[in-house]
>>> print(open('target.csv').read())   # CSV, C-alpha atoms
chain,number,residue,atom,x,y,z
A,1,MET,CA,-37.1,19.0,-27.2
A,2,ILE,CA,-35.5,22.4,-26.4
A,3,ASP,CA,-34.7,24.3,-29.6
A,4,HIS,CA,-31.0,25.3,-29.3
A,5,CYS,CA,-27.5,24.1,-30.2
A,6,VAL,CA,-25.7,22.5,-27.3
A,7,SER,CA,-22.7,24.6,-27.8
A,8,ASN,CA,-24.6,27.9,-27.3
A,9,LYS,CA,-23.9,29.4,-23.8
A,10,VAL,CA,-26.8,31.4,-22.4
A,11,SER,CA,-27.5,33.6,-19.4
A,12,LEU,CA,-28.7,32.0,-16.2
A,13,ASP,CA,-32.2,33.5,-16.6
A,14,ARG,CA,-32.4,32.0,-20.0
A,15,ALA,CA,-31.2,28.6,-18.7
A,16,ILE,CA,-33.9,28.7,-16.0
A,17,ASP,CA,-36.6,29.5,-18.6
A,18,GLU,CA,-35.4,26.6,-20.7
A,19,LEU,CA,-35.4,24.3,-17.7
A,20,LEU,CA,-39.0,25.1,-16.7
A,21,ALA,CA,-40.1,24.8,-20.3
A,22,ALA,CA,-38.6,21.4,-20.5
A,23,HIS,CA,-40.5,20.4,-17.4
A,24,SER,CA,-43.8,22.1,-18.4
A,25,ASP,CA,-45.7,18.9,-18.2
A,26,ASN,CA,-44.4,18.2,-14.6
A,27,ARG,CA,-46.4,20.6,-12.5
A,28,TRP,CA,-44.9,19.3,-9.3
A,29,PHE,CA,-41.5,20.3,-10.4
A,30,VAL,CA,-42.5,23.7,-11.9
A,31,ASP,CA,-45.0,24.8,-9.2
A,32,ALA,CA,-43.4,23.2,-6.0
A,33,TYR,CA,-40.0,21.8,-6.3
A,34,TRP,CA,-38.3,24.5,-8.3
A,35,PRO,CA,-39.7,27.4,-6.2
A,36,GLU,CA,-38.8,25.7,-3.0
A,37,ASN,CA,-35.2,24.9,-4.1
A,38,LYS,CA,-34.4,27.8,-6.4
A,39,ASP,CA,-32.5,29.9,-3.8
A,40,ARG,CA,-30.3,26.9,-2.8
A,41,VAL,CA,-29.4,26.2,-6.5
A,42,LEU,CA,-28.7,29.8,-7.4
A,43,ARG,CA,-26.4,30.0,-4.4
A,44,MET,CA,-24.5,26.9,-5.8
A,45,VAL,CA,-24.2,28.6,-9.2
A,46,ALA,CA,-23.0,31.9,-7.6
A,47,ASP,CA,-20.3,30.1,-5.5
A,48,VAL,CA,-19.0,28.1,-8.5
A,49,LYS,CA,-19.0,31.2,-10.7
A,50,GLY,CA,-17.2,33.1,-8.0
A,51,GLN,CA,-14.4,30.6,-8.1
A,52,PHE,CA,-14.5,29.6,-11.8
A,53,PRO,CA,-16.1,32.5,-13.7
A,54,ASP,CA,-14.8,31.3,-17.1
A,55,GLY,CA,-16.0,27.7,-16.9
A,56,ALA,CA,-14.8,24.5,-15.3
A,57,ARG,CA,-15.3,20.8,-15.4
A,58,VAL,CA,-18.2,19.9,-13.1
A,59,LEU,CA,-19.1,16.5,-11.6
A,60,ASP,CA,-22.7,16.4,-10.5
A,61,VAL,CA,-22.9,13.5,-8.0
A,62,GLY,CA,-26.4,12.0,-7.8
A,63,CYS,CA,-27.9,14.2,-10.5
A,64,GLY,CA,-31.4,12.9,-10.1
A,65,ASN,CA,-33.7,14.3,-12.9
A,66,GLY,CA,-30.7,16.4,-14.1
A,67,TYR,CA,-31.9,19.9,-13.5
A,68,ILE,CA,-28.8,21.2,-11.8
A,69,SER,CA,-26.5,19.6,-14.5
A,70,PHE,CA,-28.7,21.2,-17.2
A,71,LEU,CA,-28.4,24.7,-15.7
A,72,PHE,CA,-24.6,24.5,-15.2
A,73,ALA,CA,-24.1,23.1,-18.8
A,74,ARG,CA,-26.3,25.8,-20.3
A,75,ILE,CA,-24.3,28.6,-18.7
A,76,GLY,CA,-21.0,27.4,-20.0
A,77,TYR,CA,-19.7,24.6,-17.7
A,78,ASP,CA,-18.5,21.2,-18.9
A,79,VAL,CA,-20.7,18.9,-16.9
A,80,THR,CA,-20.6,15.1,-16.2
A,81,ALA,CA,-23.6,13.7,-14.3
A,82,VAL,CA,-23.6,10.5,-12.3
A,83,ASP,CA,-26.4,8.5,-10.9
A,84,ALA,CA,-28.0,5.0,-10.7
A,85,TRP,CA,-31.5,6.3,-11.2
A,86,MET,CA,-32.5,6.4,-14.9
A,87,PRO,CA,-35.6,8.5,-15.6
A,88,PRO,CA,-36.3,8.3,-19.3
A,89,GLU,CA,-37.0,12.0,-19.8
A,90,ARG,CA,-33.5,12.9,-18.6
A,91,GLU,CA,-31.8,11.6,-21.7
A,92,ASN,CA,-33.3,14.3,-23.9
A,93,LEU,CA,-32.7,17.0,-21.3
A,94,PHE,CA,-29.0,16.1,-21.2
A,95,ALA,CA,-28.7,15.8,-25.0
A,96,SER,CA,-30.1,19.3,-25.4
A,97,ALA,CA,-27.5,20.8,-23.1
A,98,GLY,CA,-24.5,18.6,-23.9
A,99,VAL,CA,-24.3,17.0,-20.4
A,100,LYS,CA,-22.3,13.7,-20.3
A,101,PHE,CA,-23.9,11.0,-18.2
A,102,ILE,CA,-22.1,8.0,-16.5
A,103,TYR,CA,-24.1,5.3,-14.6
A,104,ALA,CA,-22.8,4.6,-11.2
A,105,ASN,CA,-24.2,3.1,-8.0
A,106,LEU,CA,-23.2,5.6,-5.3
A,107,ASN,CA,-23.4,3.0,-2.6
A,108,HIS,CA,-20.3,1.3,-4.0
A,109,LEU,CA,-17.3,2.0,-1.9
A,110,ALA,CA,-15.4,3.6,-4.8
A,111,PRO,CA,-17.9,4.6,-7.5
A,112,PHE,CA,-15.4,6.9,-9.2
A,113,ALA,CA,-12.4,4.6,-9.1
A,114,GLY,CA,-12.1,4.7,-12.9
A,115,PHE,CA,-12.3,8.5,-13.2
A,116,ARG,CA,-9.3,10.7,-13.9
A,117,ARG,CA,-8.6,13.6,-11.6
A,118,ASP,CA,-10.2,16.0,-14.0
A,119,PHE,CA,-12.9,17.8,-12.2
A,120,ASP,CA,-12.7,21.4,-10.8
A,121,VAL,CA,-16.1,21.2,-9.1
A,122,ILE,CA,-17.9,18.5,-7.2
A,123,LEU,CA,-21.6,19.1,-6.6
A,124,MET,CA,-23.5,16.9,-4.1
A,125,GLY,CA,-26.9,18.5,-3.8
A,126,GLU,CA,-29.3,16.6,-1.5
A,127,VAL,CA,-27.5,13.3,-2.0
A,128,ILE,CA,-25.5,12.3,1.0
A,129,GLU,CA,-28.7,11.6,3.1
A,130,HIS,CA,-29.7,8.9,0.5
A,131,ILE,CA,-26.5,6.9,0.8
A,132,LEU,CA,-26.9,3.6,2.7
A,133,ASN,CA,-23.5,2.0,2.5
A,134,CYS,CA,-20.6,4.3,3.3
A,135,PRO,CA,-21.1,8.1,2.8
A,136,LEU,CA,-17.5,8.8,3.8
A,137,ASP,CA,-16.2,6.5,1.0
A,138,LEU,CA,-18.5,8.3,-1.5
A,139,LEU,CA,-16.9,11.6,-0.5
A,140,ARG,CA,-13.4,10.1,-0.7
A,141,SER,CA,-14.1,8.6,-4.1
A,142,ALA,CA,-15.4,11.9,-5.4
A,143,GLY,CA,-12.3,13.6,-4.0
A,144,GLY,CA,-10.2,11.1,-6.0
A,145,ALA,CA,-11.9,12.4,-9.2
A,146,ALA,CA,-11.1,16.0,-8.4
A,147,ARG,CA,-8.1,18.1,-9.3
A,148,PRO,CA,-6.1,19.5,-6.4
A,149,GLY,CA,-7.9,22.5,-5.0
A,150,ALA,CA,-11.2,21.5,-6.4
A,151,LEU,CA,-14.4,23.0,-5.0
A,152,LEU,CA,-17.0,20.9,-3.2
A,153,VAL,CA,-20.5,22.2,-2.7
A,154,LEU,CA,-22.6,19.9,-0.5
A,155,THR,CA,-26.2,20.4,0.6
A,156,THR,CA,-28.3,18.1,2.7
A,157,PRO,CA,-31.2,18.4,5.2
A,158,ASN,CA,-30.6,19.8,8.7
A,159,PRO,CA,-32.3,17.6,11.3
A,160,ALA,CA,-31.3,19.8,14.3
A,161,THR,CA,-34.3,22.1,14.1
A,162,LEU,CA,-37.2,23.1,16.4
A,163,MET,CA,-39.6,21.6,13.8
A,164,ASN,CA,-38.0,18.2,14.3
A,165,VAL,CA,-38.3,18.6,18.1
A,166,TRP,CA,-42.0,19.3,17.6
A,167,ARG,CA,-42.4,16.2,15.4
A,168,LEU,CA,-40.8,14.1,18.1
A,169,LEU,CA,-43.0,15.5,20.8
A,170,ARG,CA,-46.0,14.7,18.7
A,171,ASN,CA,-44.7,11.1,18.3
A,172,ARG,CA,-44.1,11.5,14.6
A,173,HIS,CA,-41.1,10.4,12.5
A,174,CYS,CA,-38.4,13.1,12.1
A,175,VAL,CA,-36.5,11.7,9.1
A,176,TRP,CA,-38.1,12.0,5.7
A,177,GLY,CA,-39.0,8.6,4.1
A,178,THR,CA,-39.3,6.7,7.4
A,179,ARG,CA,-42.2,4.5,6.3
A,180,ASP,CA,-40.5,3.8,3.0
A,181,PHE,CA,-37.4,2.8,5.0
A,182,MET,CA,-39.5,0.3,7.0
A,183,ALA,CA,-41.4,-1.1,4.0
A,184,HIS,CA,-38.8,-1.3,1.2
A,185,PRO,CA,-35.9,-3.8,0.9
A,186,LYS,CA,-32.4,-2.2,0.8
A,187,ILE,CA,-30.4,-5.2,-0.4
A,188,ASP,CA,-31.4,-7.8,-3.0
A,189,GLY,CA,-29.1,-10.6,-4.3
A,190,GLY,CA,-26.2,-9.2,-2.3
A,191,LYS,CA,-26.5,-5.8,-4.1
A,192,ILE,CA,-27.7,-2.5,-2.5
A,193,ILE,CA,-30.8,-1.2,-4.1
A,194,THR,CA,-30.7,2.5,-4.9
A,195,GLU,CA,-34.2,3.2,-6.2
A,196,ALA,CA,-35.9,3.7,-2.9
A,197,ASP,CA,-36.5,7.4,-2.2
A,198,ILE,CA,-35.4,7.3,1.4
A,199,HIS,CA,-33.3,9.5,3.8
A,200,TYR,CA,-31.2,6.8,5.5
A,201,ARG,CA,-29.5,9.4,7.7
A,202,GLU,CA,-29.7,13.2,8.2
A,203,TYR,CA,-26.6,14.8,9.7
A,204,THR,CA,-25.7,17.6,12.1
A,205,ALA,CA,-23.1,20.2,11.1
A,206,MET,CA,-20.6,18.6,13.4
A,207,ASP,CA,-20.9,15.2,11.7
A,208,LEU,CA,-20.8,16.7,8.2
A,209,HIS,CA,-17.7,18.8,8.9
A,210,TRP,CA,-16.0,15.7,10.3
A,211,MET,CA,-16.9,13.6,7.3
A,212,ILE,CA,-15.8,16.2,4.8
A,213,LYS,CA,-12.5,16.7,6.5
A,214,GLU,CA,-11.9,12.9,6.7
A,215,ALA,CA,-12.5,12.7,3.0
A,216,GLY,CA,-9.6,15.2,2.5
A,217,PHE,CA,-11.5,18.5,1.9
A,218,HIS,CA,-11.3,21.7,4.0
A,219,VAL,CA,-14.6,23.4,4.9
A,220,VAL,CA,-14.4,27.1,4.1
A,221,ALA,CA,-18.1,28.1,4.4
A,222,SER,CA,-21.0,26.5,6.3
A,223,HIS,CA,-24.5,27.9,6.3
A,224,TYR,CA,-28.2,27.0,6.9
A,225,VAL,CA,-30.7,27.5,4.1
A,226,MET,CA,-34.5,27.3,4.0
A,227,ILE,CA,-37.0,25.7,1.7
A,228,GLY,CA,-38.4,28.5,-0.4
A,229,SER,CA,-42.1,29.3,-0.6
A,230,SER,CA,-44.5,27.8,-3.2
A,231,ASN,CA,-48.2,27.5,-3.8
A,232,ALA,CA,-48.0,23.9,-2.5
A,233,GLN,CA,-47.5,25.2,1.0
A,234,PRO,CA,-50.1,26.6,3.4
A,235,THR,CA,-50.7,30.4,3.2
A,236,TRP,CA,-49.4,31.0,6.7
A,237,LYS,CA,-46.1,29.3,5.9
A,238,ARG,CA,-45.6,31.2,2.7
A,239,ARG,CA,-46.2,34.5,4.5
A,240,LEU,CA,-43.7,33.6,7.2
A,241,LYS,CA,-41.0,32.7,4.7
A,242,GLU,CA,-41.6,35.9,2.7
A,243,SER,CA,-41.6,38.2,5.8
A,244,ARG,CA,-38.5,40.4,6.0
A,245,VAL,CA,-38.7,40.1,9.8
A,246,VAL,CA,-39.1,36.4,10.1
A,247,ALA,CA,-37.3,35.1,7.0
A,248,PRO,CA,-33.8,35.5,8.5
A,249,LEU,CA,-34.7,33.0,11.2
A,250,PHE,CA,-35.0,30.3,8.5
A,251,ARG,CA,-31.3,30.7,7.8
A,252,THR,CA,-30.3,29.7,11.4
A,253,ARG,CA,-29.7,26.2,12.7
A,254,LEU,CA,-33.0,26.0,14.7
A,255,PHE,CA,-35.1,26.9,11.8
A,256,GLY,CA,-33.1,26.3,8.6
A,257,SER,CA,-34.2,23.2,6.8
A,258,GLY,CA,-30.9,22.5,5.1
A,259,HIS,CA,-27.1,22.6,5.4
A,260,TYR,CA,-25.1,24.4,2.7
A,261,ILE,CA,-21.4,23.7,2.9
A,262,VAL,CA,-18.5,24.7,0.6
A,263,ALA,CA,-15.1,23.0,0.9
A,264,THR,CA,-11.9,22.9,-1.1
A,265,GLY,CA,-9.4,20.1,-1.9
A,266,PRO,CA,-6.3,19.7,0.2
A,267,SER,CA,-4.0,21.7,-2.2
A,268,ALA,CA,-6.2,24.8,-2.5
A,269,VAL,CA,-3.4,27.2,-1.5
A,270,GLU,CA,-0.8,25.6,-3.8
A,271,THR,CA,-3.1,25.6,-6.8
A,272,GLY,CA,-4.1,29.2,-6.3
A,273,ALA,CA,-7.8,28.7,-5.3
A,274,ASN,CA,-9.3,31.5,-3.3
A,275,PRO,CA,-11.6,30.2,-0.6
A,276,GLU,CA,-11.9,33.6,1.1
A,277,ARG,CA,-14.1,34.7,-1.8
A,278,LEU,CA,-16.8,32.3,-0.5
A,279,GLU,CA,-17.1,33.6,3.0
>>> encode(input="target.csv", output="structure tokens")
Amino acid sequence: MIDHCVSNKVSLDRAIDELLAAHSDNRWFVDAYWPENKDRVLRMVADVKGQFPDGARVLDVGCGNGYISFLFARIGYDVTAVDAWMPPERENLFASAGVKFIYANLNHLAPFAGFRRDFDVILMGEVIEHILNCPLDLLRSAGGAARPGALLVLTTPNPATLMNVWRLLRNRHCVWGTRDFMAHPKIDGGKIITEADIHYREYTAMDLHWMIKEAGFHVVASHYVMIGSSNAQPTWKRRLKESRVVAPLFRTRLFGSGHYIVATGPSAVETGANPERLE
């Protein structure tokens, strides 16, 4: 258990140290997942702090093991996390940071139907690709839980890369989790199963922008991000990503592994939000 009072706001560096300490027995998370995703998460933090520097109500949609919820809560945000996956270790992590958790199957057409329009920020980090039923309705439902002018930060894999072209030319699958998709049931007893760790669909920027706009949000910033380097990767790949000459290529469509999109709710101007600060 992390030794602190849940009401104590800490610096981001301290929050990261606490997060890694809480996962010290999970070497995959500490040595591979966090280094590879750190830059993406820190960008999410920076964009939210740029719009809401003094705190805000955050809805973390598809919180997974809870690491993003934990970081935002420890630096002073009021966080509600939602997911259908229930890893036992997450309960202590959330209790230590004061994160509220609500169980919800994100494949339901309106998983946030009972929520009040209370949230200033909607986070959807690496979630939309896992939704089997209706991703657009998930976004619409999240928008219904947001205050006018709320901030949406959405990240998801980018399939329109040269690496995926190379995979196809080699007759290999190009969507992560393809074999799990083939082997695992998706519906049982008339209900959609959410445990399978599968990418049901990966989206181009054009598709994402259309879906976000159809859900009632306005895209104000759209970028490509790369997976960071870690010791789990081959040496040649780490050196490429760390090269000042080559690294910028990994933030373009043909090489960037992920989309990073920021949007605001339909009443951003009337409510005084400032999307220009995110460009």
>>> residues_around(input="target.csv", residues="region 23-38 of chain A", least_positions_apart="2", cutoff="10 Å", atoms="only C-alpha atoms", output="NGL selection string")
:A and (16-21 or 40-44 or 67 or 89 or 93 or 225-233)
>>> closest_residue(input="target.csv", among="A:Asp60, A:Asp54, A:Glu129, A:Asp120", to="Gly265 (chain A)", atoms="all atoms listed in the file")
A:Asp120
>>> closest_residue(input="target.csv", among="A:Lys49, A:Arg57, A:Arg74, A:His173", to="Arg14 (chain A)", atoms="only C-alpha atoms")
A:Arg74
>>> closest_residue(input="target.csv", among="A:Ala113, A:Val262, A:Val10, A:Leu139", to="His218 (chain A)", atoms="all atoms listed in the file")
A:Val262
>>> residues_around(input="target.csv", residues="Tyr224 (chain A)", least_positions_apart="4", cutoff="12 Å", atoms="only C-alpha atoms", output="number ranges by chain")
A: 39-40, 43, 154-161, 204-205, 248-262
>>> write_last_selection(input="target.csv", atoms="C-alpha atoms", output="PDB file, in the frame of the given file")
ATOM      1  CA  ASP A  39     -32.500  29.900  -3.800  1.00  0.00           C
ATOM      2  CA  ARG A  40     -30.300  26.900  -2.800  1.00  0.00           C
ATOM      3  CA  ARG A  43     -26.400  30.000  -4.400  1.00  0.00           C
ATOM      4  CA  LEU A 154     -22.600  19.900  -0.500  1.00  0.00           C
ATOM      5  CA  THR A 155     -26.200  20.400   0.600  1.00  0.00           C
ATOM      6  CA  THR A 156     -28.300  18.100   2.700  1.00  0.00           C
ATOM      7  CA  PRO A 157     -31.200  18.400   5.200  1.00  0.00           C
ATOM      8  CA  ASN A 158     -30.600  19.800   8.700  1.00  0.00           C
ATOM      9  CA  PRO A 159     -32.300  17.600  11.300  1.00  0.00           C
ATOM     10  CA  ALA A 160     -31.300  19.800  14.300  1.00  0.00           C
ATOM     11  CA  THR A 161     -34.300  22.100  14.100  1.00  0.00           C
ATOM     12  CA  THR A 204     -25.700  17.600  12.100  1.00  0.00           C
ATOM     13  CA  ALA A 205     -23.100  20.200  11.100  1.00  0.00           C
ATOM     14  CA  PRO A 248     -33.800  35.500   8.500  1.00  0.00           C
ATOM     15  CA  LEU A 249     -34.700  33.000  11.200  1.00  0.00           C
ATOM     16  CA  PHE A 250     -35.000  30.300   8.500  1.00  0.00           C
ATOM     17  CA  ARG A 251     -31.300  30.700   7.800  1.00  0.00           C
ATOM     18  CA  THR A 252     -30.300  29.700  11.400  1.00  0.00           C
ATOM     19  CA  ARG A 253     -29.700  26.200  12.700  1.00  0.00           C
ATOM     20  CA  LEU A 254     -33.000  26.000  14.700  1.00  0.00           C
ATOM     21  CA  PHE A 255     -35.100  26.900  11.800  1.00  0.00           C
ATOM     22  CA  GLY A 256     -33.100  26.300   8.600  1.00  0.00           C
ATOM     23  CA  SER A 257     -34.200  23.200   6.800  1.00  0.00           C
ATOM     24  CA  GLY A 258     -30.900  22.500   5.100  1.00  0.00           C
ATOM     25  CA  HIS A 259     -27.100  22.600   5.400  1.00  0.00           C
ATOM     26  CA  TYR A 260     -25.100  24.400   2.700  1.00  0.00           C
ATOM     27  CA  ILE A 261     -21.400  23.700   2.900  1.00  0.00           C
ATOM     28  CA  VAL A 262     -18.500  24.700   0.600  1.00  0.00           C
TER      29      VAL A 262
END
>>> closest_residue(input="target.csv", among="A:Asp83, A:Glu91, A:Glu214, A:Asp137", to="Ala110 (chain A)", atoms="all atoms listed in the file")
A:Asp137
>>> residues_around(input="target.csv", residues="Gly144 (chain A)", least_positions_apart="6", cutoff="10 Å", atoms="all atoms listed in the file", output="list in words")
Ala110, Phe112, Ala113, Gly114, Phe115, Arg116, Arg117, Asp118, Phe119, Leu138, Ala215, Gly216 and Gly265 of chain A
>>> closest_residue(input="target.csv", among="A:Pro53, A:Gly177, A:Pro88, A:Pro185", to="Ile198 (chain A)", atoms="only C-alpha atoms")
A:Gly177
>>> atom_distance(input="target.csv", atom1="CA of Pro135 (chain A)", atom2="CA of Tyr203 (chain A)")
11.1 Å
>>> residues_around(input="target.csv", residues="Ala81 (chain A)", least_positions_apart="6", cutoff="10 Å", atoms="only C-alpha atoms", output="list in words")
Val58, Leu59, Asp60, Val61, Gly62, Cys63, Gly64, Gly66, Ile68, Ser69, Phe70, Phe94, Val99, Lys100, Phe101, Ile102, Tyr103, Ala104 and Leu123 of chain A
>>> closest_residue(input="target.csv", among="A:Ala150, A:Val175, A:Leu240, A:Ala46", to="Glu202 (chain A)", atoms="all atoms listed in the file")
A:Val175
>>> atom_distance(input="target.csv", atom1="CA of Pro148 (chain A)", atom2="CA of Leu106 (chain A)")
22.1 Å
>>> atom_distance(input="target.csv", atom1="CA of Trp210 (chain A)", atom2="CA of Gly125 (chain A)")
18.0 Å
